[in-house]
>>> print(open('data_17.cif').read())   # mmCIF, C-alpha atoms
data_my_file
#
loop_
_atom_site.label_atom_id
_atom_site.label_comp_id
_atom_site.auth_asym_id
_atom_site.auth_seq_id
_atom_site.Cartn_x
_atom_site.Cartn_y
_atom_site.Cartn_z
CA MET D 18 -13.04 27.15 -6.97
CA VAL D 19 -12.83 23.42 -7.64
CA PRO D 20 -16.07 21.51 -6.93
CA ALA D 21 -15.77 19.14 -3.99
CA SER D 22 -17.05 16.21 -6.06
CA TYR D 23 -13.87 16.36 -8.20
CA TYR D 24 -11.80 15.69 -5.09
CA ILE D 25 -14.11 12.85 -4.08
CA LEU D 26 -13.79 11.26 -7.54
CA LEU D 27 -9.99 11.55 -7.40
CA SER D 28 -10.06 9.99 -3.94
CA ALA D 29 -12.23 7.12 -5.24
CA LEU D 30 -9.83 6.56 -8.15
CA LEU D 31 -6.77 6.47 -5.87
CA PHE D 32 -8.53 4.12 -3.46
CA THR D 33 -9.39 1.77 -6.33
CA LEU D 34 -5.77 1.82 -7.51
CA GLY D 35 -4.71 0.86 -3.98
CA VAL D 36 -7.20 -2.02 -3.99
CA VAL D 37 -5.83 -3.20 -7.36
CA GLY D 38 -2.32 -3.13 -5.88
CA VAL D 39 -3.33 -5.22 -2.88
CA ILE D 40 -5.13 -7.75 -5.09
CA THR D 41 -2.64 -8.16 -7.93
CA ARG D 42 0.85 -7.55 -6.49
CA ARG D 43 2.64 -10.27 -4.52
CA ASN D 44 5.63 -8.39 -3.08
CA ALA D 45 4.62 -7.77 0.55
CA LEU D 46 6.40 -4.38 0.51
CA VAL D 47 4.38 -3.18 -2.48
CA LEU D 48 1.25 -4.48 -0.75
CA PHE D 49 2.09 -2.22 2.19
CA MET D 50 2.59 0.74 -0.14
CA SER D 51 -0.84 0.09 -1.68
CA VAL D 52 -2.40 0.12 1.80
CA GLU D 53 -0.73 3.50 2.41
CA LEU D 54 -2.18 4.73 -0.89
CA MET D 55 -5.68 3.72 0.26
CA LEU D 56 -5.19 5.49 3.61
CA ASN D 57 -4.09 8.62 1.74
CA SER D 58 -7.11 8.60 -0.56
CA ALA D 59 -9.42 8.31 2.46
CA ASN D 60 -7.55 11.23 4.04
CA LEU D 61 -8.12 13.28 0.89
CA ALA D 62 -11.87 12.61 1.08
CA LEU D 63 -11.92 13.59 4.76
CA VAL D 64 -10.10 16.87 4.10
CA THR D 65 -12.54 17.59 1.26
CA PHE D 66 -15.53 17.09 3.54
CA ALA D 67 -13.87 19.25 6.21
CA MET D 68 -13.52 22.05 3.63
CA ALA D 69 -17.09 21.66 2.35
CA ARG D 70 -18.53 21.76 5.87
CA GLN D 71 -16.11 24.40 7.19
CA ASP D 72 -15.44 22.10 10.14
CA VAL D 73 -12.04 21.31 11.59
CA ALA D 74 -13.20 17.88 12.84
CA GLY D 75 -12.45 16.18 9.50
CA GLN D 76 -8.85 17.39 9.62
CA MET D 77 -8.51 16.11 13.19
CA VAL D 78 -9.50 12.63 11.98
CA VAL D 79 -6.86 12.88 9.24
CA PHE D 80 -4.26 13.82 11.86
CA PHE D 81 -5.07 10.71 13.89
CA VAL D 82 -5.12 8.53 10.77
CA ILE D 83 -1.59 9.72 9.93
CA VAL D 84 -0.41 8.88 13.46
CA VAL D 85 -1.92 5.40 13.28
CA ALA D 86 -0.48 4.88 9.79
CA ALA D 87 3.01 5.76 11.03
CA ALA D 88 2.73 3.27 13.90
CA GLU D 89 1.28 0.65 11.54
CA VAL D 90 4.13 1.01 9.06
CA ALA D 91 6.77 0.73 11.80
CA VAL D 92 5.27 -2.45 13.24
CA GLY D 93 4.38 -3.91 9.83
CA LEU D 94 7.86 -3.46 8.41
CA ALA D 95 9.38 -4.96 11.58
CA LEU D 96 7.10 -7.98 11.08
CA LEU D 97 8.22 -8.20 7.44
CA VAL D 98 11.88 -8.18 8.48
CA ALA D 99 11.14 -10.93 11.04
CA ILE D 100 9.36 -13.01 8.36
CA PHE D 101 12.21 -12.44 5.91
CA ARG D 102 14.70 -13.76 8.50
CA THR D 103 12.96 -17.13 8.67
CA LYS D 104 11.48 -17.50 5.15
CA HIS D 105 13.99 -15.50 3.07
CA THR D 106 11.22 -14.11 0.85
CA THR D 107 8.71 -11.24 0.76
CA ASP D 108 6.46 -12.92 -1.82
CA VAL D 109 3.10 -13.38 -0.09
CA ASP D 110 2.34 -16.48 -2.20
CA GLU D 111 5.41 -18.20 -0.71
CA ILE D 112 4.36 -17.57 2.90
CA HIS D 113 1.80 -20.36 3.33
CA THR D 114 2.89 -22.20 6.49
CA LEU D 115 -0.61 -21.95 7.97
CA ASN D 116 -2.14 -23.31 4.75
CA GLY D 117 -3.11 -26.80 6.08
CA MET Q 21 -6.51 28.95 -12.17
CA GLU Q 22 -7.27 26.74 -9.17
CA LEU Q 23 -8.89 24.20 -11.48
CA ILE Q 24 -5.75 24.04 -13.64
CA ILE Q 25 -3.57 23.40 -10.60
CA PHE Q 26 -6.02 20.77 -9.41
CA LEU Q 27 -6.06 18.98 -12.77
CA ILE Q 28 -2.26 18.92 -13.06
CA THR Q 29 -1.82 17.73 -9.47
CA ALA Q 30 -4.53 15.09 -9.83
CA ALA Q 31 -2.91 13.80 -13.03
CA VAL Q 32 0.46 13.58 -11.24
CA ALA Q 33 -1.13 11.75 -8.29
CA VAL Q 34 -2.89 9.20 -10.51
CA ALA Q 35 0.20 8.72 -12.68
CA GLY Q 36 2.31 8.15 -9.56
CA ALA Q 37 -0.14 5.58 -8.23
CA VAL Q 38 -0.37 3.72 -11.57
CA ALA Q 39 3.42 3.73 -11.99
CA MET Q 40 3.78 2.38 -8.44
CA LEU Q 41 1.51 -0.54 -9.32
CA LEU Q 42 3.21 -1.32 -12.64
CA SER Q 43 6.90 -1.00 -11.78
CA PRO Q 44 8.47 -4.41 -11.04
CA ASN Q 45 11.18 -2.91 -8.82
CA ALA Q 46 10.07 -2.16 -5.23
CA ILE Q 47 12.46 0.80 -4.94
CA HIS Q 48 10.90 2.43 -8.00
CA SER Q 49 7.48 1.74 -6.44
CA ALA Q 50 8.52 3.62 -3.29
CA ILE Q 51 9.74 6.61 -5.33
CA PHE Q 52 6.50 6.74 -7.34
CA LEU Q 53 4.55 6.54 -4.08
CA LEU Q 54 6.58 9.55 -2.89
CA ILE Q 55 5.44 11.48 -5.99
CA ASN Q 56 1.85 10.54 -5.18
CA PHE Q 57 2.19 11.71 -1.55
CA VAL Q 58 3.66 15.06 -2.60
CA ALA Q 59 0.82 15.58 -5.10
CA ILE Q 60 -1.75 14.85 -2.38
CA SER Q 61 -0.03 17.34 -0.07
CA VAL Q 62 -0.42 20.00 -2.80
CA LEU Q 63 -4.13 19.15 -2.89
CA TYR Q 64 -4.26 19.79 0.88
CA VAL Q 65 -3.03 23.34 0.21
CA LEU Q 66 -5.86 23.79 -2.33
CA LEU Q 67 -8.29 22.53 0.33
CA TYR Q 68 -7.12 25.16 2.88
CA ALA Q 69 -5.36 22.66 5.14
CA PRO Q 70 -1.86 24.11 5.64
CA PHE Q 71 -1.17 22.13 8.84
CA LEU Q 72 -1.95 18.80 7.16
CA PHE Q 73 0.16 19.86 4.16
CA VAL Q 74 3.22 20.11 6.43
CA ILE Q 75 2.35 16.95 8.37
CA GLN Q 76 1.85 15.01 5.12
CA LEU Q 77 5.26 16.08 3.84
CA ILE Q 78 7.10 15.34 7.11
CA VAL Q 79 5.42 12.09 8.12
CA TYR Q 80 4.48 10.47 4.80
CA ALA Q 81 6.95 11.86 2.27
CA GLY Q 82 9.68 12.00 4.89
CA ALA Q 83 9.49 9.30 7.51
CA ILE Q 84 7.34 6.57 5.98
CA ILE Q 85 8.95 6.57 2.53
CA VAL Q 86 12.44 6.56 4.07
CA LEU Q 87 11.39 3.59 6.23
CA PHE Q 88 10.10 1.76 3.14
CA LEU Q 89 13.26 2.44 1.15
CA PHE Q 90 15.41 1.40 4.11
CA VAL Q 91 13.62 -1.93 4.53
CA VAL Q 92 13.60 -2.66 0.78
CA MET Q 93 17.34 -2.08 0.58
CA LEU Q 94 17.98 -3.96 3.86
CA LEU Q 95 16.14 -7.06 2.65
CA GLY Q 96 17.35 -6.78 -0.94
CA ALA Q 97 13.79 -7.58 -1.97
CA GLU Q 98 13.55 -5.30 -4.99
CA ARG Q 99 12.41 -8.07 -7.30
CA ALA Q 100 10.45 -10.56 -5.25
CA GLU Q 101 7.97 -11.35 -8.04
CA ASP Q 102 10.16 -12.91 -10.68
CA THR Q 103 8.51 -16.27 -10.09
CA ARG Q 104 5.49 -17.28 -12.13
CA GLU Q 105 1.89 -16.44 -11.18
CA ARG Q 106 0.23 -19.03 -8.97
CA PHE Q 107 -3.30 -18.18 -10.11
CA ALA Q 108 -3.85 -17.10 -13.73
CA TRP Q 109 -7.36 -15.78 -13.04
CA GLN Q 110 -6.25 -13.58 -10.11
CA ARG Q 111 -5.33 -10.48 -12.12
CA PRO Q 112 -8.39 -10.20 -14.44
CA LEU Q 113 -10.77 -10.97 -11.58
CA GLY Q 114 -9.10 -8.35 -9.38
CA LEU Q 115 -9.30 -5.71 -12.12
CA THR Q 116 -13.00 -6.49 -12.73
CA LEU Q 117 -13.86 -6.24 -9.03
CA ALA Q 118 -11.86 -2.99 -8.76
CA ALA Q 119 -13.76 -1.50 -11.73
CA ILE Q 120 -17.06 -2.41 -10.04
CA LEU Q 121 -15.84 -0.80 -6.80
CA LEU Q 122 -14.84 2.38 -8.63
CA GLY Q 123 -18.24 2.53 -10.33
CA LEU Q 124 -20.04 2.13 -7.02
CA ILE Q 125 -18.00 4.79 -5.19
CA GLY Q 126 -18.29 7.18 -8.13
CA TYR Q 127 -22.05 6.68 -8.38
CA ILE Q 128 -22.57 7.34 -4.67
CA ALA Q 129 -20.22 10.35 -4.68
CA LEU Q 130 -21.94 11.95 -7.69
CA ARG Q 131 -25.46 11.19 -6.47
CA ASN Q 132 -24.87 12.91 -3.13
CA PRO Q 133 -22.28 15.63 -3.78
CA PRO Q 134 -21.11 17.47 -0.65
CA SER Q 135 -22.68 20.91 -0.54
CA GLY Q 136 -21.17 24.23 0.52
CA ALA Q 137 -19.12 25.23 -2.53
CA ALA Q 138 -18.59 28.84 -1.46
CA VAL Q 139 -15.82 29.13 1.11
CA ALA Q 140 -16.84 31.63 3.78
CA ASP Q 141 -13.68 31.54 5.88
CA GLN Q 142 -10.39 30.50 4.28
CA HIS Q 143 -8.70 30.31 7.69
CA PHE Q 144 -11.13 27.89 9.28
CA ALA Q 145 -8.30 25.35 9.56
CA ALA Q 146 -5.37 27.63 10.36
CA PRO Q 147 -2.77 25.93 12.61
CA GLU Q 148 -4.03 27.97 15.61
CA ARG Q 149 -7.55 26.58 15.16
CA ILE Q 150 -6.16 23.05 14.78
CA ALA Q 151 -4.12 23.42 17.97
CA GLU Q 152 -7.12 24.84 19.84
CA ALA Q 153 -9.29 21.88 18.83
CA LEU Q 154 -6.50 19.37 19.46
CA PHE Q 155 -5.84 20.48 23.04
CA THR Q 156 -9.47 21.01 24.08
CA THR Q 157 -12.04 18.84 22.28
CA TYR Q 158 -9.62 16.13 21.15
CA LEU Q 159 -7.31 16.08 24.17
CA LEU Q 160 -8.08 12.47 25.14
CA PRO Q 161 -7.52 11.02 21.61
CA PHE Q 162 -4.31 13.07 21.44
CA GLU Q 163 -3.04 11.50 24.67
CA ILE Q 164 -4.05 8.05 23.40
CA THR Q 165 -1.96 8.55 20.26
CA ALA Q 166 1.04 9.08 22.54
CA VAL Q 167 0.35 5.69 24.15
CA LEU Q 168 -0.14 4.15 20.70
CA LEU Q 169 3.21 5.41 19.46
CA LEU Q 170 4.89 4.13 22.64
CA ALA Q 171 3.26 0.73 22.09
CA ALA Q 172 4.53 0.71 18.50
CA ILE Q 173 8.08 1.50 19.64
CA VAL Q 174 7.99 -1.23 22.30
CA GLY Q 175 6.49 -3.67 19.79
CA VAL Q 176 9.22 -3.06 17.21
CA VAL Q 177 11.97 -3.42 19.83
CA VAL Q 178 10.43 -6.65 21.17
CA LEU Q 179 10.08 -8.07 17.64
CA HIS Q 180 13.73 -7.36 16.99
CA MET Q 181 14.92 -8.67 20.39
CA SER Q 182 13.01 -11.95 20.20
CA GLY Q 183 14.55 -12.65 16.79
CA ASN Q 184 18.05 -12.04 18.17
CA GLN Q 185 17.49 -14.17 21.29
CA ARG Q 186 16.22 -17.06 19.21
CA THR Q 187 19.35 -17.15 17.09
CA GLU Q 188 21.54 -16.77 20.19
CA ASN Q 189 19.76 -19.65 21.92
CA GLN Q 190 19.92 -21.87 18.87
CA GLU Q 191 23.64 -21.52 18.31
CA PRO Q 192 24.85 -23.29 21.50
CA ARG Q 193 22.30 -26.05 20.95
CA THR Q 194 23.66 -26.86 17.52
CA GLU Q 195 27.21 -26.76 18.86
CA ASN Q 196 26.38 -29.25 21.61
#
>>> encode(input="data_17.cif", output="structure tokens")
Amino acid sequence: MVPASYYILLSALLFTLGVVGVITRRNALVLFMSVELMLNSANLALVTFAMARQDVAGQMVVFFVIVVAAAEVAVGLALLVAIFRTKHTTDVDEIHTLNG
Amino acid sequence: MELIIFLITAAVAVAGAVAMLLSPNAIHSAIFLLINFVAISVLYVLLYAPFLFVIQLIVYAGAIIVLFLFVVMLLGAERAEDTRERFAWQRPLGLTLAAILLGLIGYIALRNPPSGAAVADQHFAAPERIAEALFTTYLLPFEITAVLLLAAIVGVVVLHMSGNQRTENQEPRTEN
């Protein structure tokens, strides 16, 4: 039996790696992947708590998070394609039209 | 035995995440993210969540990664970061802040560990139980997700259509 705190620590580590990706990478696609990594680490923590409490509610939340993540990726990637059509780049440092 | 499986899977998950961050090619990043998702789905099996294991594989490892790969190849944006860094201090500052964040989360998680180590019922989250909860207690959120997905579909179609119309409208103007 693996202690639940191990899972929580792994989840924290994965979340931090996702944060590092969002901060340091500049390719908008890799930024999106890092956001997905953070969502997944939060899901892992939720499933761990569901197991520790013997309650199915935590897994329900994960189910809804996955649905929202799927919708978010579809819309986000469509936005990226639309931006790429006009700017011809996915580097977030190059997209600064609103920067006064 | 379970601990060994957990350690191997956790190592694979972390290695996949780190490799995703370090690889300069976006396609390689997507493949490493796929490895990470599969490792997390194995952890769901260890946590007695068979339904989420399947959903994770189908939705994340299947649909989302394929969508990422498709867009990366469509845009040809594998190497969008060959240009120089705009801010030299961005990377060290980000790593420092991330280390602080990890320390904080780890401290809180270890100070208040979730109790209930002994599993009384291994089938507390069998697919039948999930379905029962989904169609009774969580019926309204379930219906709302249907609306959300419909809104996402309509949004994507509208985004694509408006881009096409703009180019169609611009062409005659430039000709005249």
>>> interface_residues(input="data_17.cif", of="chain D", to="chain Q", cutoff="6 Å", atoms="all atoms listed in the file", output="VMD selection string")
chain D and resid 19 22 33 38 40 to 41 44 69 73 88 92 95 108
>>> resolve_selection(input="data_17.cif", expression="the PyMOL selection byres ((chain D and resi 66) around 10)", output="PDB file with C-alpha atoms, in the coordinates of the input")
ATOM      1  CA  ALA D  21     -15.770  19.140  -3.990  1.00  0.00           C
ATOM      2  CA  SER D  22     -17.050  16.210  -6.060  1.00  0.00           C
ATOM      3  CA  TYR D  24     -11.800  15.690  -5.090  1.00  0.00           C
ATOM      4  CA  ILE D  25     -14.110  12.850  -4.080  1.00  0.00           C
ATOM      5  CA  ASN D  60      -7.550  11.230   4.040  1.00  0.00           C
ATOM      6  CA  LEU D  61      -8.120  13.280   0.890  1.00  0.00           C
ATOM      7  CA  ALA D  62     -11.870  12.610   1.080  1.00  0.00           C
ATOM      8  CA  LEU D  63     -11.920  13.590   4.760  1.00  0.00           C
ATOM      9  CA  VAL D  64     -10.100  16.870   4.100  1.00  0.00           C
ATOM     10  CA  THR D  65     -12.540  17.590   1.260  1.00  0.00           C
ATOM     11  CA  ALA D  67     -13.870  19.250   6.210  1.00  0.00           C
ATOM     12  CA  MET D  68     -13.520  22.050   3.630  1.00  0.00           C
ATOM     13  CA  ALA D  69     -17.090  21.660   2.350  1.00  0.00           C
ATOM     14  CA  ARG D  70     -18.530  21.760   5.870  1.00  0.00           C
ATOM     15  CA  GLN D  71     -16.110  24.400   7.190  1.00  0.00           C
ATOM     16  CA  ASP D  72     -15.440  22.100  10.140  1.00  0.00           C
ATOM     17  CA  VAL D  73     -12.040  21.310  11.590  1.00  0.00           C
ATOM     18  CA  ALA D  74     -13.200  17.880  12.840  1.00  0.00           C
ATOM     19  CA  GLY D  75     -12.450  16.180   9.500  1.00  0.00           C
ATOM     20  CA  GLN D  76      -8.850  17.390   9.620  1.00  0.00           C
TER      21      GLN D  76
ATOM     22  CA  LEU Q  67      -8.290  22.530   0.330  1.00  0.00           C
ATOM     23  CA  PRO Q 134     -21.110  17.470  -0.650  1.00  0.00           C
ATOM     24  CA  SER Q 135     -22.680  20.910  -0.540  1.00  0.00           C
ATOM     25  CA  GLY Q 136     -21.170  24.230   0.520  1.00  0.00           C
TER      26      GLY Q 136
END
>>> atom_distance(input="data_17.cif", atom1="CA of Leu46 in chain D", atom2="CA of Met77 in chain D")
28.3 Å
>>> atom_distance(input="data_17.cif", atom1="CA of Thr156 in chain Q", atom2="CA of Ile83 in chain D")
19.7 Å
>>> closest_residue(input="data_17.cif", among="Q:Met181, Q:Met93, Q:Ala81, Q:Ala39", to="Val58 in chain Q", atoms="all atoms listed in the file")
Q:Ala81
>>> closest_residue(input="data_17.cif", among="Q:Thr29, Q:Val62, Q:Phe73, Q:Phe52", to="Val79 in chain D", atoms="only C-alpha atoms")
Q:Phe73
>>> atom_distance(input="data_17.cif", atom1="CA of Leu96 in chain D", atom2="CA of Ala45 in chain D")
10.8 Å
>>> decode(input="data_17.cif", residues="range 51-76 of chain D", atoms="N, CA and C atoms", output="PDB file, in the first residue's frame")
ATOM      1  N   SER D  51       2.062  22.402 -21.266  1.00  0.00           N
ATOM      2  CA  SER D  51       2.387  22.570 -19.850  1.00  0.00           C
ATOM      3  C   SER D  51       1.124  22.783 -19.026  1.00  0.00           C
ATOM      4  N   VAL D  52       0.151  23.527 -19.596  1.00  0.00           N
ATOM      5  CA  VAL D  52      -1.121  23.719 -18.888  1.00  0.00           C
ATOM      6  C   VAL D  52      -1.813  22.368 -18.708  1.00  0.00           C
ATOM      7  N   GLU D  53      -1.765  21.531 -19.750  1.00  0.00           N
ATOM      8  CA  GLU D  53      -2.367  20.195 -19.631  1.00  0.00           C
ATOM      9  C   GLU D  53      -1.676  19.386 -18.546  1.00  0.00           C
ATOM     10  N   LEU D  54      -0.343  19.528 -18.452  1.00  0.00           N
ATOM     11  CA  LEU D  54       0.402  18.814 -17.413  1.00  0.00           C
ATOM     12  C   LEU D  54      -0.070  19.249 -16.029  1.00  0.00           C
ATOM     13  N   MET D  55      -0.300  20.554 -15.842  1.00  0.00           N
ATOM     14  CA  MET D  55      -0.768  21.052 -14.549  1.00  0.00           C
ATOM     15  C   MET D  55      -2.163  20.512 -14.237  1.00  0.00           C
ATOM     16  N   LEU D  56      -3.047  20.493 -15.244  1.00  0.00           N
ATOM     17  CA  LEU D  56      -4.388  19.930 -15.033  1.00  0.00           C
ATOM     18  C   LEU D  56      -4.293  18.471 -14.605  1.00  0.00           C
ATOM     19  N   ASN D  57      -3.380  17.726 -15.253  1.00  0.00           N
ATOM     20  CA  ASN D  57      -3.231  16.310 -14.927  1.00  0.00           C
ATOM     21  C   ASN D  57      -2.726  16.100 -13.516  1.00  0.00           C
ATOM     22  N   SER D  58      -1.781  16.942 -13.079  1.00  0.00           N
ATOM     23  CA  SER D  58      -1.262  16.773 -11.720  1.00  0.00           C
ATOM     24  C   SER D  58      -2.355  17.073 -10.698  1.00  0.00           C
ATOM     25  N   ALA D  59      -3.199  18.074 -10.981  1.00  0.00           N
ATOM     26  CA  ALA D  59      -4.318  18.354 -10.070  1.00  0.00           C
ATOM     27  C   ALA D  59      -5.287  17.171 -10.046  1.00  0.00           C
ATOM     28  N   ASN D  60      -5.520  16.568 -11.226  1.00  0.00           N
ATOM     29  CA  ASN D  60      -6.382  15.388 -11.279  1.00  0.00           C
ATOM     30  C   ASN D  60      -5.824  14.262 -10.419  1.00  0.00           C
ATOM     31  N   LEU D  61      -4.495  14.083 -10.478  1.00  0.00           N
ATOM     32  CA  LEU D  61      -3.865  13.017  -9.687  1.00  0.00           C
ATOM     33  C   LEU D  61      -4.104  13.248  -8.199  1.00  0.00           C
ATOM     34  N   ALA D  62      -3.964  14.507  -7.753  1.00  0.00           N
ATOM     35  CA  ALA D  62      -4.214  14.811  -6.340  1.00  0.00           C
ATOM     36  C   ALA D  62      -5.664  14.527  -5.978  1.00  0.00           C
ATOM     37  N   LEU D  63      -6.591  14.890  -6.873  1.00  0.00           N
ATOM     38  CA  LEU D  63      -8.018  14.665  -6.586  1.00  0.00           C
ATOM     39  C   LEU D  63      -8.329  13.175  -6.460  1.00  0.00           C
ATOM     40  N   VAL D  64      -7.754  12.369  -7.373  1.00  0.00           N
ATOM     41  CA  VAL D  64      -8.003  10.921  -7.308  1.00  0.00           C
ATOM     42  C   VAL D  64      -7.409  10.346  -6.023  1.00  0.00           C
ATOM     43  N   THR D  65      -6.243  10.882  -5.610  1.00  0.00           N
ATOM     44  CA  THR D  65      -5.633  10.414  -4.365  1.00  0.00           C
ATOM     45  C   THR D  65      -6.537  10.696  -3.170  1.00  0.00           C
ATOM     46  N   PHE D  66      -7.082  11.908  -3.127  1.00  0.00           N
ATOM     47  CA  PHE D  66      -7.976  12.247  -2.015  1.00  0.00           C
ATOM     48  C   PHE D  66      -9.243  11.401  -2.054  1.00  0.00           C
ATOM     49  N   ALA D  67      -9.747  11.123  -3.282  1.00  0.00           N
ATOM     50  CA  ALA D  67     -10.930  10.275  -3.399  1.00  0.00           C
ATOM     51  C   ALA D  67     -10.653   8.890  -2.824  1.00  0.00           C
ATOM     52  N   MET D  68      -9.429   8.358  -3.089  1.00  0.00           N
ATOM     53  CA  MET D  68      -9.075   7.042  -2.571  1.00  0.00           C
ATOM     54  C   MET D  68      -8.929   7.097  -1.053  1.00  0.00           C
ATOM     55  N   ALA D  69      -8.287   8.145  -0.530  1.00  0.00           N
ATOM     56  CA  ALA D  69      -8.053   8.229   0.907  1.00  0.00           C
ATOM     57  C   ALA D  69      -9.366   8.362   1.669  1.00  0.00           C
ATOM     58  N   ARG D  70     -10.336   9.060   1.085  1.00  0.00           N
ATOM     59  CA  ARG D  70     -11.603   9.282   1.773  1.00  0.00           C
ATOM     60  C   ARG D  70     -12.665   8.270   1.387  1.00  0.00           C
ATOM     61  N   GLN D  71     -12.341   7.354   0.466  1.00  0.00           N
ATOM     62  CA  GLN D  71     -13.305   6.353  -0.005  1.00  0.00           C
ATOM     63  C   GLN D  71     -14.578   7.021  -0.510  1.00  0.00           C
ATOM     64  N   ASP D  72     -14.405   8.118  -1.241  1.00  0.00           N
ATOM     65  CA  ASP D  72     -15.548   8.893  -1.715  1.00  0.00           C
ATOM     66  C   ASP D  72     -15.417   9.062  -3.223  1.00  0.00           C
ATOM     67  N   VAL D  73     -16.525   8.844  -3.939  1.00  0.00           N
ATOM     68  CA  VAL D  73     -16.471   8.895  -5.388  1.00  0.00           C
ATOM     69  C   VAL D  73     -16.523  10.341  -5.901  1.00  0.00           C
ATOM     70  N   ALA D  74     -16.788  11.297  -5.003  1.00  0.00           N
ATOM     71  CA  ALA D  74     -16.966  12.694  -5.424  1.00  0.00           C
ATOM     72  C   ALA D  74     -15.693  13.242  -6.079  1.00  0.00           C
ATOM     73  N   GLY D  75     -14.513  12.883  -5.521  1.00  0.00           N
ATOM     74  CA  GLY D  75     -13.265  13.369  -6.094  1.00  0.00           C
ATOM     75  C   GLY D  75     -13.101  12.924  -7.533  1.00  0.00           C
ATOM     76  N   GLN D  76     -13.485  11.678  -7.825  1.00  0.00           N
ATOM     77  CA  GLN D  76     -13.357  11.183  -9.199  1.00  0.00           C
ATOM     78  C   GLN D  76     -14.352  11.849 -10.121  1.00  0.00           C
TER      79      GLN D  76
END
